[in-house]
$ cat run-v7.pdb   # PDB, C-alpha atoms
ATOM      1  CA  MET F 294      17.577  -7.187  17.633
ATOM      2  CA  ASN F 295      14.762  -9.752  17.250
ATOM      3  CA  ARG F 296      14.690 -10.302  21.028
ATOM      4  CA  MET F 297      14.462  -6.548  21.554
ATOM      5  CA  LEU F 298      11.541  -6.362  19.134
ATOM      6  CA  GLN F 299       9.770  -9.188  20.967
ATOM      7  CA  VAL F 300      10.103  -7.363  24.271
ATOM      8  CA  VAL F 301       8.952  -4.064  22.826
ATOM      9  CA  ALA F 302       5.985  -5.627  21.030
ATOM     10  CA  GLY F 303       4.316  -6.535  24.302
ATOM     11  CA  PHE F 304       3.716  -2.908  25.280
ATOM     12  CA  CYS F 305       1.880   0.077  23.904
ATOM     13  CA  VAL F 306       1.960   2.321  26.920
ATOM     14  CA  SER F 307       0.476   5.661  26.036
ATOM     15  CA  ALA F 308      -2.565   4.386  24.171
ATOM     16  CA  ALA F 309      -3.382   1.862  26.878
ATOM     17  CA  LEU F 310      -3.178   4.581  29.501
ATOM     18  CA  VAL F 311      -5.785   6.602  27.659
ATOM     19  CA  MET F 312      -8.205   3.690  27.301
ATOM     20  CA  GLN F 313      -7.747   2.541  30.889
ATOM     21  CA  GLY F 314      -7.810   6.027  32.344
ATOM     22  CA  ALA F 315     -10.607   7.443  30.253
ATOM     23  CA  HIS F 316     -12.784   8.090  33.280
ATOM     24  CA  GLY F 317     -10.001   9.515  35.445
ATOM     25  CA  ALA F 318      -6.353  10.411  35.601
ATOM     26  CA  ALA F 319      -4.033   8.030  33.766
ATOM     27  CA  PRO F 320      -1.324   6.437  35.936
ATOM     28  CA  ALA F 321       2.265   7.503  35.430
ATOM     29  CA  PRO F 322       4.453   5.113  33.415
ATOM     30  CA  THR F 323       6.325   2.546  35.500
ATOM     31  CA  PRO F 324      10.116   2.097  35.296
ATOM     32  CA  ALA F 325       9.532  -1.018  33.162
ATOM     33  CA  GLU F 326       7.385   0.967  30.754
ATOM     34  CA  ASP F 327      10.032   3.681  30.589
ATOM     35  CA  GLN F 328      12.573   0.985  29.712
ATOM     36  CA  VAL F 329      10.374  -0.261  26.897
ATOM     37  CA  GLU F 330      10.088   3.267  25.527
ATOM     38  CA  ALA F 331      13.880   3.530  25.587
ATOM     39  CA  LEU F 332      14.151   0.273  23.637
ATOM     40  CA  ARG F 333      11.687   1.545  21.057
ATOM     41  CA  ASN F 334      13.691   4.706  20.607
ATOM     42  CA  SER F 335      16.794   2.654  19.841
ATOM     43  CA  LEU F 336      15.159   0.754  16.973
ATOM     44  CA  PRO F 337      16.046   1.919  13.463
ATOM     45  CA  ASP F 338      13.410   2.899  10.942
ATOM     46  CA  THR F 339      12.714   0.114   8.468
ATOM     47  CA  PRO F 340      11.812   0.621   4.800
ATOM     48  CA  GLY F 341       8.930  -1.871   4.813
ATOM     49  CA  THR F 342       8.434  -4.975   2.713
ATOM     50  CA  GLY F 343       6.501  -3.405  -0.160
ATOM     51  CA  ARG F 344       7.776  -2.574  -3.647
ATOM     52  CA  PHE F 345       8.542   1.019  -2.662
ATOM     53  CA  PRO F 346      10.981   1.363   0.278
ATOM     54  CA  ALA F 347       9.585   4.038   2.563
ATOM     55  CA  ILE F 348      10.829   6.996   4.576
ATOM     56  CA  LYS F 349       9.324   9.409   7.077
ATOM     57  CA  GLN F 350       9.784  13.152   6.750
ATOM     58  CA  VAL F 351       8.507  16.567   7.727
ATOM     59  CA  ASP F 352       7.259  18.879   4.983
ATOM     60  CA  PRO F 353       7.286  22.617   5.797
ATOM     61  CA  ARG F 354       4.147  22.989   3.692
ATOM     62  CA  LEU F 355       2.303  20.756   6.170
ATOM     63  CA  PRO F 356       3.186  21.983   9.686
ATOM     64  CA  GLY F 357       2.168  19.877  12.643
ATOM     65  CA  GLN F 358       2.103  16.623  10.684
ATOM     66  CA  VAL F 359       4.557  13.932   9.596
ATOM     67  CA  ILE F 360       4.594  12.133   6.254
ATOM     68  CA  TYR F 361       5.481   8.507   5.519
ATOM     69  CA  ARG F 362       5.900   7.778   1.814
ATOM     70  CA  PRO F 363       7.847   5.843  -0.810
ATOM     71  CA  ALA F 364      11.369   7.258  -0.806
ATOM     72  CA  ASP F 365      11.688   7.430  -4.601
ATOM     73  CA  LEU F 366       8.456   8.699  -6.127
ATOM     74  CA  SER F 367       9.936   8.339  -9.617
ATOM     75  CA  LYS F 368       9.735   4.554  -9.243
ATOM     76  CA  LEU F 369       5.981   4.402  -8.706
ATOM     77  CA  GLY F 370       5.435   3.717 -12.383
ATOM     78  CA  GLY F 371       1.726   3.261 -12.982
ATOM     79  CA  THR F 372       0.934   2.984  -9.270
ATOM     80  CA  LYS F 373      -0.999   5.906  -7.827
ATOM     81  CA  LEU F 374      -0.542   6.786  -4.170
ATOM     82  CA  GLY F 375      -3.421   6.073  -1.856
ATOM     83  CA  VAL F 376      -3.820   8.364   1.161
ATOM     84  CA  TYR F 377      -3.833   6.933   4.705
ATOM     85  CA  ALA F 378      -4.580   9.582   7.347
ATOM     86  CA  PHE F 379      -3.746   8.082  10.735
ATOM     87  CA  GLY F 380      -4.513   9.110  14.331
ATOM     88  CA  ASN F 381      -1.943   8.257  16.995
ATOM     89  CA  GLY F 382      -2.457   6.095  20.034
ATOM     90  CA  ALA F 383      -3.571   8.250  22.976
ATOM     91  CA  CYS F 384      -4.348  10.941  20.344
ATOM     92  CA  SER F 385      -0.788  11.910  21.194
ATOM     93  CA  ASP F 386       1.438  14.272  19.255
ATOM     94  CA  ASP F 387       4.183  11.686  18.696
ATOM     95  CA  ALA F 388       3.798  10.927  15.014
ATOM     96  CA  ALA F 389       6.529   8.276  15.219
ATOM     97  CA  HIS F 390       4.910   6.197  17.950
ATOM     98  CA  THR F 391       3.875   3.419  15.518
ATOM     99  CA  ARG F 392       6.460   4.164  12.841
ATOM    100  CA  LEU F 393       7.210   0.529  11.873
ATOM    101  CA  HIS F 394       3.535  -0.009  11.040
ATOM    102  CA  LEU F 395       3.308   3.288   9.148
ATOM    103  CA  LEU F 396       6.492   2.696   7.152
ATOM    104  CA  GLU F 397       5.186  -0.724   6.143
ATOM    105  CA  VAL F 398       1.922   0.739   4.848
ATOM    106  CA  ALA F 399       3.779   3.479   2.977
ATOM    107  CA  SER F 400       6.075   0.932   1.308
ATOM    108  CA  HIS F 401       3.068  -0.477  -0.538
ATOM    109  CA  GLY F 402       2.439   2.806  -2.315
ATOM    110  CA  TYR F 403       0.580   4.902   0.237
ATOM    111  CA  LEU F 404       1.017   8.481   1.366
ATOM    112  CA  VAL F 405       0.622   8.208   5.139
ATOM    113  CA  ILE F 406       0.005  11.432   7.052
ATOM    114  CA  VAL F 407       0.068  11.574  10.850
ATOM    115  CA  PRO F 408      -0.560  14.549  13.172
ATOM    116  CA  GLY F 409       2.226  15.613  15.517
ATOM    117  CA  SER F 410       6.005  15.630  15.378
ATOM    118  CA  ILE F 411       8.803  13.059  15.506
ATOM    119  CA  TYR F 412       9.435  12.692  19.234
ATOM    120  CA  THR F 413      10.771   9.118  19.276
ATOM    121  CA  GLY F 414      13.208   7.070  17.231
ATOM    122  CA  PRO F 415      15.502   8.261  14.436
ATOM    123  CA  GLY F 416      15.217  11.957  13.685
ATOM    124  CA  ALA F 417      13.477  12.694  16.990
ATOM    125  CA  ILE F 418      13.346  16.253  18.241
ATOM    126  CA  PRO F 419      12.991  17.241  21.902
ATOM    127  CA  ARG F 420       9.400  17.512  23.029
ATOM    128  CA  PRO F 421       8.691  21.050  24.292
ATOM    129  CA  ALA F 422       8.708  21.057  28.072
ATOM    130  CA  ASN F 423       5.557  23.145  28.261
ATOM    131  CA  LEU F 424       3.417  20.468  26.583
ATOM    132  CA  PRO F 425       1.383  18.176  28.866
ATOM    133  CA  PRO F 426       1.801  14.386  28.656
ATOM    134  CA  PRO F 427      -0.879  12.378  26.815
ATOM    135  CA  GLY F 428      -3.994  11.672  28.868
ATOM    136  CA  PRO F 429      -7.742  11.193  28.471
ATOM    137  CA  ASN F 430      -8.551  14.865  28.987
ATOM    138  CA  VAL F 431      -5.556  16.340  27.167
ATOM    139  CA  VAL F 432      -5.900  17.594  23.590
ATOM    140  CA  LEU F 433      -2.587  17.228  21.763
ATOM    141  CA  THR F 434      -3.939  16.424  18.295
ATOM    142  CA  THR F 435      -7.438  16.733  16.854
ATOM    143  CA  HIS F 436      -9.616  14.721  14.507
ATOM    144  CA  ALA F 437      -9.733  17.784  12.247
ATOM    145  CA  GLN F 438      -6.062  17.236  11.425
ATOM    146  CA  LEU F 439      -6.920  13.996   9.601
ATOM    147  CA  GLY F 440      -9.306  15.899   7.356
ATOM    148  CA  GLU F 441      -6.706  18.617   6.877
ATOM    149  CA  ALA F 442      -4.186  15.971   5.816
ATOM    150  CA  ILE F 443      -6.558  14.743   3.133
ATOM    151  CA  THR F 444      -7.201  18.287   1.909
ATOM    152  CA  TRP F 445      -3.451  18.955   1.737
ATOM    153  CA  ALA F 446      -2.746  15.741  -0.183
ATOM    154  CA  LEU F 447      -5.437  16.437  -2.765
ATOM    155  CA  ALA F 448      -4.158  19.994  -3.205
ATOM    156  CA  GLU F 449      -0.596  18.723  -3.652
ATOM    157  CA  ASN F 450      -1.870  16.351  -6.317
ATOM    158  CA  LYS F 451      -2.772  19.417  -8.395
ATOM    159  CA  ARG F 452      -0.159  21.981  -7.338
ATOM    160  CA  ALA F 453       2.463  22.913  -9.902
ATOM    161  CA  GLY F 454       5.869  22.045  -8.515
ATOM    162  CA  SER F 455       4.573  19.537  -5.992
ATOM    163  CA  PRO F 456       6.494  16.251  -5.786
ATOM    164  CA  TYR F 457       3.088  14.559  -5.587
ATOM    165  CA  ARG F 458       1.542  16.256  -8.603
ATOM    166  CA  GLY F 459      -0.490  13.721 -10.549
ATOM    167  CA  LEU F 460       0.700  10.846  -8.345
ATOM    168  CA  ILE F 461      -2.257  10.561  -5.928
ATOM    169  CA  ASP F 462      -5.518   8.721  -6.555
ATOM    170  CA  PRO F 463      -8.205  11.032  -5.117
ATOM    171  CA  LYS F 464     -10.597   8.092  -4.829
ATOM    172  CA  ALA F 465      -8.186   5.994  -2.748
ATOM    173  CA  ILE F 466      -8.431   7.656   0.667
ATOM    174  CA  ALA F 467      -8.579   5.916   4.050
ATOM    175  CA  VAL F 468      -8.761   7.178   7.610
ATOM    176  CA  SER F 469      -7.352   5.054  10.395
ATOM    177  CA  GLY F 470      -6.007   5.289  13.913
ATOM    178  CA  PHE F 471      -4.790   3.413  16.940
ATOM    179  CA  SER F 472      -6.859   3.399  20.151
ATOM    180  CA  CYS F 473      -7.848   7.039  20.807
ATOM    181  CA  GLY F 474      -6.604   7.755  17.282
ATOM    182  CA  GLY F 475      -9.252   5.359  16.002
ATOM    183  CA  LEU F 476     -11.868   7.667  17.472
ATOM    184  CA  GLN F 477     -10.280  10.505  15.501
ATOM    185  CA  ALA F 478     -10.618   8.385  12.359
ATOM    186  CA  LEU F 479     -14.244   7.556  13.118
ATOM    187  CA  MET F 480     -15.001  11.254  13.517
ATOM    188  CA  ASN F 481     -13.939  11.617   9.859
ATOM    189  CA  ALA F 482     -15.985   8.652   8.608
ATOM    190  CA  ARG F 483     -18.706  10.920   7.210
ATOM    191  CA  ASP F 484     -16.234  12.733   4.931
ATOM    192  CA  PRO F 485     -17.380  11.962   1.365
ATOM    193  CA  ARG F 486     -13.743  11.813   0.226
ATOM    194  CA  VAL F 487     -13.080   8.801   2.473
ATOM    195  CA  ALA F 488     -13.362   5.365   0.822
ATOM    196  CA  THR F 489     -12.683   3.136   3.845
ATOM    197  CA  VAL F 490     -12.061   3.277   7.609
ATOM    198  CA  VAL F 491      -9.581   1.138   9.567
ATOM    199  CA  MET F 492      -9.937   1.000  13.366
ATOM    200  CA  MET F 493      -6.837  -0.274  15.147
ATOM    201  CA  ASN F 494      -7.331  -1.560  18.738
ATOM    202  CA  SER F 495     -10.179   0.883  19.112
ATOM    203  CA  GLY F 496     -13.910   1.309  19.525
ATOM    204  CA  LEU F 497     -16.600   3.406  21.178
ATOM    205  CA  PHE F 498     -17.346   2.577  24.801
ATOM    206  CA  VAL F 499     -20.068  -0.047  25.235
ATOM    207  CA  GLU F 500     -21.918   1.979  27.883
ATOM    208  CA  GLY F 501     -22.357   5.721  27.697
ATOM    209  CA  ALA F 502     -20.502   8.270  25.656
ATOM    210  CA  THR F 503     -16.833   7.960  24.818
ATOM    211  CA  THR F 504     -15.018  11.066  26.014
ATOM    212  CA  MET F 505     -11.296  11.561  25.474
ATOM    213  CA  ALA F 506      -8.854  14.058  24.022
ATOM    214  CA  GLY F 507     -11.537  16.643  23.338
ATOM    215  CA  ILE F 508     -13.963  14.236  21.630
ATOM    216  CA  THR F 509     -17.324  13.057  22.952
ATOM    217  CA  ALA F 510     -19.215  10.487  20.884
ATOM    218  CA  ASP F 511     -21.572   7.544  21.279
ATOM    219  CA  LYS F 512     -22.722   4.674  19.073
ATOM    220  CA  SER F 513     -24.778   7.033  16.917
ATOM    221  CA  LEU F 514     -21.459   8.065  15.335
ATOM    222  CA  LEU F 515     -21.417   4.690  13.572
ATOM    223  CA  LYS F 516     -24.426   5.793  11.533
ATOM    224  CA  THR F 517     -22.189   8.296   9.756
ATOM    225  CA  LEU F 518     -20.248   5.474   8.098
ATOM    226  CA  HIS F 519     -20.751   5.349   4.347
ATOM    227  CA  THR F 520     -17.845   3.034   3.466
ATOM    228  CA  PRO F 521     -16.584  -0.437   4.378
ATOM    229  CA  ILE F 522     -14.834  -0.569   7.755
ATOM    230  CA  LEU F 523     -12.227  -2.890   9.256
ATOM    231  CA  TYR F 524     -11.524  -3.364  12.964
ATOM    232  CA  VAL F 525      -8.161  -4.892  13.942
ATOM    233  CA  LEU F 526      -8.246  -5.911  17.614
ATOM    234  CA  GLY F 527      -5.850  -7.615  20.008
ATOM    235  CA  GLY F 528      -8.128 -10.332  21.367
ATOM    236  CA  ASP F 529      -9.736 -10.602  24.790
ATOM    237  CA  SER F 530      -6.796  -8.967  26.570
ATOM    238  CA  ASP F 531      -7.063  -5.839  24.416
ATOM    239  CA  VAL F 532      -8.605  -3.089  26.566
ATOM    240  CA  ALA F 533     -10.483  -1.980  23.433
ATOM    241  CA  HIS F 534     -11.758  -5.457  22.552
ATOM    242  CA  ALA F 535     -15.251  -5.171  24.036
ATOM    243  CA  ALA F 536     -15.734  -1.710  22.558
ATOM    244  CA  GLY F 537     -14.603  -2.727  19.077
ATOM    245  CA  MET F 538     -16.712  -5.886  19.051
ATOM    246  CA  ASP F 539     -19.746  -3.913  20.209
ATOM    247  CA  ASP F 540     -19.172  -1.407  17.401
ATOM    248  CA  PHE F 541     -19.090  -4.282  14.926
ATOM    249  CA  ALA F 542     -22.381  -5.614  16.296
ATOM    250  CA  HIS F 543     -23.996  -2.187  15.839
ATOM    251  CA  ILE F 544     -22.883  -1.736  12.225
ATOM    252  CA  THR F 545     -25.571  -3.034   9.894
ATOM    253  CA  HIS F 546     -25.639  -0.609   6.960
ATOM    254  CA  VAL F 547     -22.119  -0.903   5.467
ATOM    255  CA  PRO F 548     -19.758  -3.845   4.892
ATOM    256  CA  ALA F 549     -17.687  -4.544   7.986
ATOM    257  CA  ALA F 550     -15.013  -6.914   9.230
ATOM    258  CA  VAL F 551     -13.299  -7.481  12.564
ATOM    259  CA  ALA F 552     -10.016  -9.389  12.810
ATOM    260  CA  ASN F 553      -8.667 -10.431  16.212
ATOM    261  CA  ILE F 554      -5.152 -11.583  17.033
ATOM    262  CA  ASP F 555      -4.160 -12.398  20.622
ATOM    263  CA  LYS F 556      -1.623  -9.617  21.087
ATOM    264  CA  GLY F 557      -3.424  -7.343  23.547
ATOM    265  CA  HIS F 558      -3.720  -3.590  23.148
ATOM    266  CA  GLY F 559      -0.090  -3.365  22.021
ATOM    267  CA  GLY F 560      -0.945  -5.229  18.828
ATOM    268  CA  THR F 561       1.937  -5.981  16.489
ATOM    269  CA  TYR F 562       3.053  -2.391  15.924
ATOM    270  CA  TRP F 563       6.553  -3.022  17.237
ATOM    271  CA  GLU F 564       7.179  -6.350  15.560
ATOM    272  CA  PRO F 565       9.354  -6.239  12.426
ATOM    273  CA  ASN F 566       7.664  -4.138   9.746
ATOM    274  CA  GLY F 567       4.593  -3.716  11.923
ATOM    275  CA  GLY F 568       3.960  -7.455  12.197
ATOM    276  CA  ALA F 569       0.916  -9.413  11.074
ATOM    277  CA  ALA F 570      -1.558  -6.606  11.698
ATOM    278  CA  ALA F 571       0.222  -4.348   9.208
ATOM    279  CA  GLN F 572      -0.133  -7.023   6.530
ATOM    280  CA  VAL F 573      -3.846  -7.272   7.238
ATOM    281  CA  VAL F 574      -4.199  -3.503   6.889
ATOM    282  CA  VAL F 575      -2.221  -3.396   3.640
ATOM    283  CA  ASN F 576      -4.379  -6.123   2.109
ATOM    284  CA  TRP F 577      -7.565  -4.360   3.210
ATOM    285  CA  LEU F 578      -6.372  -1.084   1.670
ATOM    286  CA  ASP F 579      -5.265  -2.758  -1.556
ATOM    287  CA  TRP F 580      -8.652  -4.453  -1.848
ATOM    288  CA  ARG F 581     -10.939  -1.589  -0.829
ATOM    289  CA  LEU F 582      -8.976   1.250  -2.457
ATOM    290  CA  ARG F 583      -7.424  -0.450  -5.482
ATOM    291  CA  GLY F 584      -9.855  -3.267  -6.232
ATOM    292  CA  ASP F 585      -7.158  -5.922  -5.803
ATOM    293  CA  ALA F 586      -9.139  -9.179  -5.769
ATOM    294  CA  LYS F 587      -6.138 -11.206  -4.579
ATOM    295  CA  ALA F 588      -5.820  -8.947  -1.527
ATOM    296  CA  GLY F 589      -9.556  -9.329  -0.949
ATOM    297  CA  ARG F 590      -9.182 -13.087  -0.612
ATOM    298  CA  MET F 591      -7.607 -12.476   2.788
ATOM    299  CA  PHE F 592     -11.112 -11.523   3.975
ATOM    300  CA  ARG F 593     -13.664 -13.104   1.617
ATOM    301  CA  GLY F 594     -14.960 -16.646   1.294
ATOM    302  CA  LYS F 595     -14.946 -19.695   3.548
ATOM    303  CA  ASP F 596     -11.342 -20.420   2.604
ATOM    304  CA  CYS F 597     -10.117 -16.833   3.076
ATOM    305  CA  GLY F 598      -6.563 -16.154   4.192
ATOM    306  CA  LEU F 599      -7.478 -15.074   7.707
ATOM    307  CA  CYS F 600      -9.986 -17.934   7.953
ATOM    308  CA  ARG F 601      -7.137 -20.417   7.467
ATOM    309  CA  ASP F 602      -4.673 -18.636   9.743
ATOM    310  CA  PRO F 603      -4.942 -20.010  13.316
ATOM    311  CA  ALA F 604      -3.495 -16.773  14.723
ATOM    312  CA  TRP F 605      -6.553 -14.810  13.601
ATOM    313  CA  ARG F 606     -10.297 -14.831  14.292
ATOM    314  CA  LEU F 607     -12.286 -13.122  11.558
ATOM    315  CA  GLN F 608     -15.916 -12.041  11.487
ATOM    316  CA  THR F 609     -17.493 -10.235   8.559
ATOM    317  CA  LYS F 610     -20.804  -8.905   7.354
ATOM    318  CA  GLY F 611     -21.771  -7.677   3.918
ATOM    319  CA  LEU F 612     -18.401  -8.310   2.272
ATOM    320  CA  ASP F 613     -19.858 -10.682  -0.314
TER     321      ASP F 613
END
$ encode --input "run-v7.pdb" --output "structure tokens"
Amino acid sequence: MNRMLQVVAGFCVSAALVMQGAHGAAPAPTPAEDQVEALRNSLPDTPGTGRFPAIKQVDPRLPGQVIYRPADLSKLGGTKLGVYAFGNGACSDDAAHTRLHLLEVASHGYLVIVPGSIYTGPGAIPRPANLPPPGPNVVLTTHAQLGEAITWALAENKRAGSPYRGLIDPKAIAVSGFSCGGLQALMNARDPRVATVVMMNSGLFVEGATTMAGITADKSLLKTLHTPILYVLGGDSDVAHAAGMDDFAHITHVPAAVANIDKGHGGTYWEPNGGAAAQVVVNWLDWRLRGDAKAGRMFRGKDCGLCRDPAWRLQTKGLD
């Protein structure tokens, strides 16, 4: 199983196709890429390493989205759920495409909501044949769905009979996304309910407007940020590296950090429990949403956790 995970971790096909094909038609997957997708589908869901083993599920009260959450909400104790609205790679409608990462985040006490359906892995349903494949000019999910997820979660926090009633912290809300999904998150950065943004292998194009999946935006979108923001990038071989680093250079009015690990655009999503990048995200969320100073030490100070880890290159501004 570990060897399978290592093979799978080197690829993130659909999101890379969108970034590489953003100015034209994306190439069809190769037989090798199809084989990797088959391997991914064979992997079991994992409960994550946090205190609250996680599951994924569909809730009929939230059509068109998938939820990742602690399996037993009665064991949260004094922990309130943070909300993590996440856009898929390629802005696709496969809400299970990065499920190991999402389950890991959920296991630390987060309600993760992702647009789409479960089209890969355990519990997958057949994808309707009339839907087009992901591509730069195809709209399968929208940035509005991330805002709708937040609205739904906050309503469930108050609704009589809701399993989430009184369990959600309305001040602990993050938007995030992978590649094209990061653009969906950034489109929600202005939402006053959002307390932090996490960009995964993503960024606005260095030159000209970024146009994909029904969204057109340029660097002026960064001015809408009103919260701290974290970029997690895959190093020089990440097709989104230049864009993400250029975003970071443009951000001067809110605290920002960019953490690079040499994994390419595929990141660590398909390593066990989402790999090292998932741990970075969890610590960022715990720090920015819950005020956990220990988690913050991964990013702050000359002797910070990522500063001492040779696998990572960290740059920050305004965190202190």
$ atom_distance --input "run-v7.pdb" --atom1 "atom CA of Ala506 of chain F" --atom2 "atom CA of Ile466 of chain F"
24.2 Å
$ residues_around --input "run-v7.pdb" --residues "Arg486 of chain F" --least-positions-apart "5" --cutoff "10 Å" --atoms "only C-alpha atoms" --output "ChimeraX atom specification"
/F:440,443-444,447,463-467,481
$ resolve_selection --input "run-v7.pdb" --expression "the PyMOL selection byres ((chain F and resi 469) around 6)" --output "ChimeraX atom specification"
/F:379,468,470,475,478,490-492
$ residues_around --input "run-v7.pdb" --residues "Gln608 of chain F" --least-positions-apart "5" --cutoff "8 Å" --atoms "only C-alpha atoms" --output "list of chain:residue names"
F:Ala550, F:Val551, F:Ala552
$ closest_residue --input "run-v7.pdb" --among "F:Ala510, F:Cys473, F:Val499, F:Thr609" --to "Tyr524 of chain F" --atoms "only C-alpha atoms"
F:Thr609
$ atom_distance --input "run-v7.pdb" --atom1 "atom CA of Leu395 of chain F" --atom2 "atom CA of Asp585 of chain F"
20.4 Å
$ resolve_selection --input "run-v7.pdb" --expression "the PyMOL selection byres ((chain F and resi 364) around 12)" --output "number ranges by chain"
F: 339-341, 343-350, 360-363, 365-369, 396, 399-404, 456
$ residues_around --input "run-v7.pdb" --residues "Ala378 of chain F" --least-positions-apart "4" --cutoff "6 Å" --atoms "only C-alpha atoms" --output "PyMOL selection string"
chain F and resi 405-406+439+468
$ resolve_selection --input "run-v7.pdb" --expression "the PyMOL selection byres ((chain F and resi 412) around 10)" --output "PDB file with C-alpha atoms, keeping the file's coordinate frame"
ATOM      1  CA  ASN F 334      13.691   4.706  20.607  1.00  0.00           C
ATOM      2  CA  ASP F 386       1.438  14.272  19.255  1.00  0.00           C
ATOM      3  CA  ASP F 387       4.183  11.686  18.696  1.00  0.00           C
ATOM      4  CA  ALA F 388       3.798  10.927  15.014  1.00  0.00           C
ATOM      5  CA  ALA F 389       6.529   8.276  15.219  1.00  0.00           C
ATOM      6  CA  HIS F 390       4.910   6.197  17.950  1.00  0.00           C
ATOM      7  CA  GLY F 409       2.226  15.613  15.517  1.00  0.00           C
ATOM      8  CA  SER F 410       6.005  15.630  15.378  1.00  0.00           C
ATOM      9  CA  ILE F 411       8.803  13.059  15.506  1.00  0.00           C
ATOM     10  CA  THR F 413      10.771   9.118  19.276  1.00  0.00           C
ATOM     11  CA  GLY F 414      13.208   7.070  17.231  1.00  0.00           C
ATOM     12  CA  PRO F 415      15.502   8.261  14.436  1.00  0.00           C
ATOM     13  CA  GLY F 416      15.217  11.957  13.685  1.00  0.00           C
ATOM     14  CA  ALA F 417      13.477  12.694  16.990  1.00  0.00           C
ATOM     15  CA  ILE F 418      13.346  16.253  18.241  1.00  0.00           C
ATOM     16  CA  PRO F 419      12.991  17.241  21.902  1.00  0.00           C
ATOM     17  CA  ARG F 420       9.400  17.512  23.029  1.00  0.00           C
ATOM     18  CA  PRO F 421       8.691  21.050  24.292  1.00  0.00           C
TER      19      PRO F 421
END
$ atom_distance --input "run-v7.pdb" --atom1 "atom CA of Val359 of chain F" --atom2 "atom CA of Ala437 of chain F"
15.0 Å
$ closest_residue --input "run-v7.pdb" --among "F:Asp596, F:Ser472, F:Asp484, F:Gly501" --to "Gly537 of chain F" --atoms "all atoms listed in the file"
F:Ser472
$ residues_around --input "run-v7.pdb" --residues "Gln572 of chain F" --least-positions-apart "5" --cutoff "9 Å" --atoms "only C-alpha atoms" --output "PyMOL selection string"
chain F and resi 397-398+566-567+577
$ residues_around --input "run-v7.pdb" --residues "segment 554-557 of chain F" --least-positions-apart "5" --cutoff "9 Å" --atoms "only C-alpha atoms" --output "compact mmCIF listing (two decimals) with C-alpha atoms, in the coordinates of the input"
# COMPACT_ATOMS: atom_id res chain seq x y z
CA ALA F 302 5.98 -5.63 21.03
CA GLY F 303 4.32 -6.54 24.30
CA PHE F 304 3.72 -2.91 25.28
CA ASN F 494 -7.33 -1.56 18.74
CA VAL F 525 -8.16 -4.89 13.94
CA LEU F 526 -8.25 -5.91 17.61
CA GLY F 527 -5.85 -7.62 20.01
CA GLY F 528 -8.13 -10.33 21.37
CA ASP F 529 -9.74 -10.60 24.79
CA SER F 530 -6.80 -8.97 26.57
CA ASP F 531 -7.06 -5.84 24.42
CA VAL F 532 -8.60 -3.09 26.57
CA ALA F 533 -10.48 -1.98 23.43
CA HIS F 534 -11.76 -5.46 22.55
CA ALA F 569 0.92 -9.41 11.07
CA ALA F 570 -1.56 -6.61 11.70
CA ALA F 604 -3.50 -16.77 14.72
CA TRP F 605 -6.55 -14.81 13.60
CA ARG F 606 -10.30 -14.83 14.29
$ closest_residue --input "run-v7.pdb" --among "F:Gly370, F:Pro426, F:Gly375, F:Pro548" --to "Leu523 of chain F" --atoms "all atoms listed in the file"
F:Pro548
$ closest_residue --input "run-v7.pdb" --among "F:Asn553, F:Thr561, F:Thr323, F:Thr434" --to "Pro603 of chain F" --atoms "all atoms listed in the file"
F:Asn553
$ closest_residue --input "run-v7.pdb" --among "F:Met493, F:Arg354, F:Lys587, F:Gly507" --to "Leu433 of chain F" --atoms "only C-alpha atoms"
F:Gly507
$ build_atoms --input "run-v7.pdb" --residues "segment 386-395 of chain F" --atoms "N, CA and C atoms" --output "mmCIF file, keeping the file's coordinate frame"
data_model
loop_
_atom_site.group_PDB
_atom_site.id
_atom_site.type_symbol
_atom_site.label_atom_id
_atom_site.label_comp_id
_atom_site.auth_asym_id
_atom_site.auth_seq_id
_atom_site.Cartn_x
_atom_site.Cartn_y
_atom_site.Cartn_z
ATOM 1 N N ASP F 386 0.790 13.484 20.295
ATOM 2 C CA ASP F 386 1.438 14.272 19.255
ATOM 3 C C ASP F 386 2.769 13.661 18.835
ATOM 4 N N ASP F 387 2.988 12.390 19.165
ATOM 5 C CA ASP F 387 4.183 11.686 18.696
ATOM 6 C C ASP F 387 3.828 10.925 17.426
ATOM 7 N N ALA F 388 4.153 11.513 16.301
ATOM 8 C CA ALA F 388 3.798 10.927 15.014
ATOM 9 C C ALA F 388 4.707 9.779 14.614
ATOM 10 N N ALA F 389 5.648 9.417 15.486
ATOM 11 C CA ALA F 389 6.529 8.276 15.219
ATOM 12 C C ALA F 389 6.241 7.113 16.155
ATOM 13 N N HIS F 390 5.175 7.198 16.911
ATOM 14 C CA HIS F 390 4.910 6.197 17.950
ATOM 15 C C HIS F 390 4.659 4.811 17.374
ATOM 16 N N THR F 391 4.097 4.723 16.169
ATOM 17 C CA THR F 391 3.875 3.419 15.518
ATOM 18 C C THR F 391 4.565 3.417 14.150
ATOM 19 N N ARG F 392 5.783 3.918 14.107
ATOM 20 C CA ARG F 392 6.460 4.164 12.841
ATOM 21 C C ARG F 392 6.716 2.903 12.022
ATOM 22 N N LEU F 393 6.957 1.745 12.656
ATOM 23 C CA LEU F 393 7.210 0.529 11.873
ATOM 24 C C LEU F 393 5.960 0.131 11.090
ATOM 25 N N HIS F 394 4.808 0.259 11.717
ATOM 26 C CA HIS F 394 3.535 -0.009 11.040
ATOM 27 C C HIS F 394 3.333 0.978 9.886
ATOM 28 N N LEU F 395 3.574 2.254 10.139
ATOM 29 C CA LEU F 395 3.308 3.288 9.148
ATOM 30 C C LEU F 395 4.271 3.196 7.972
#
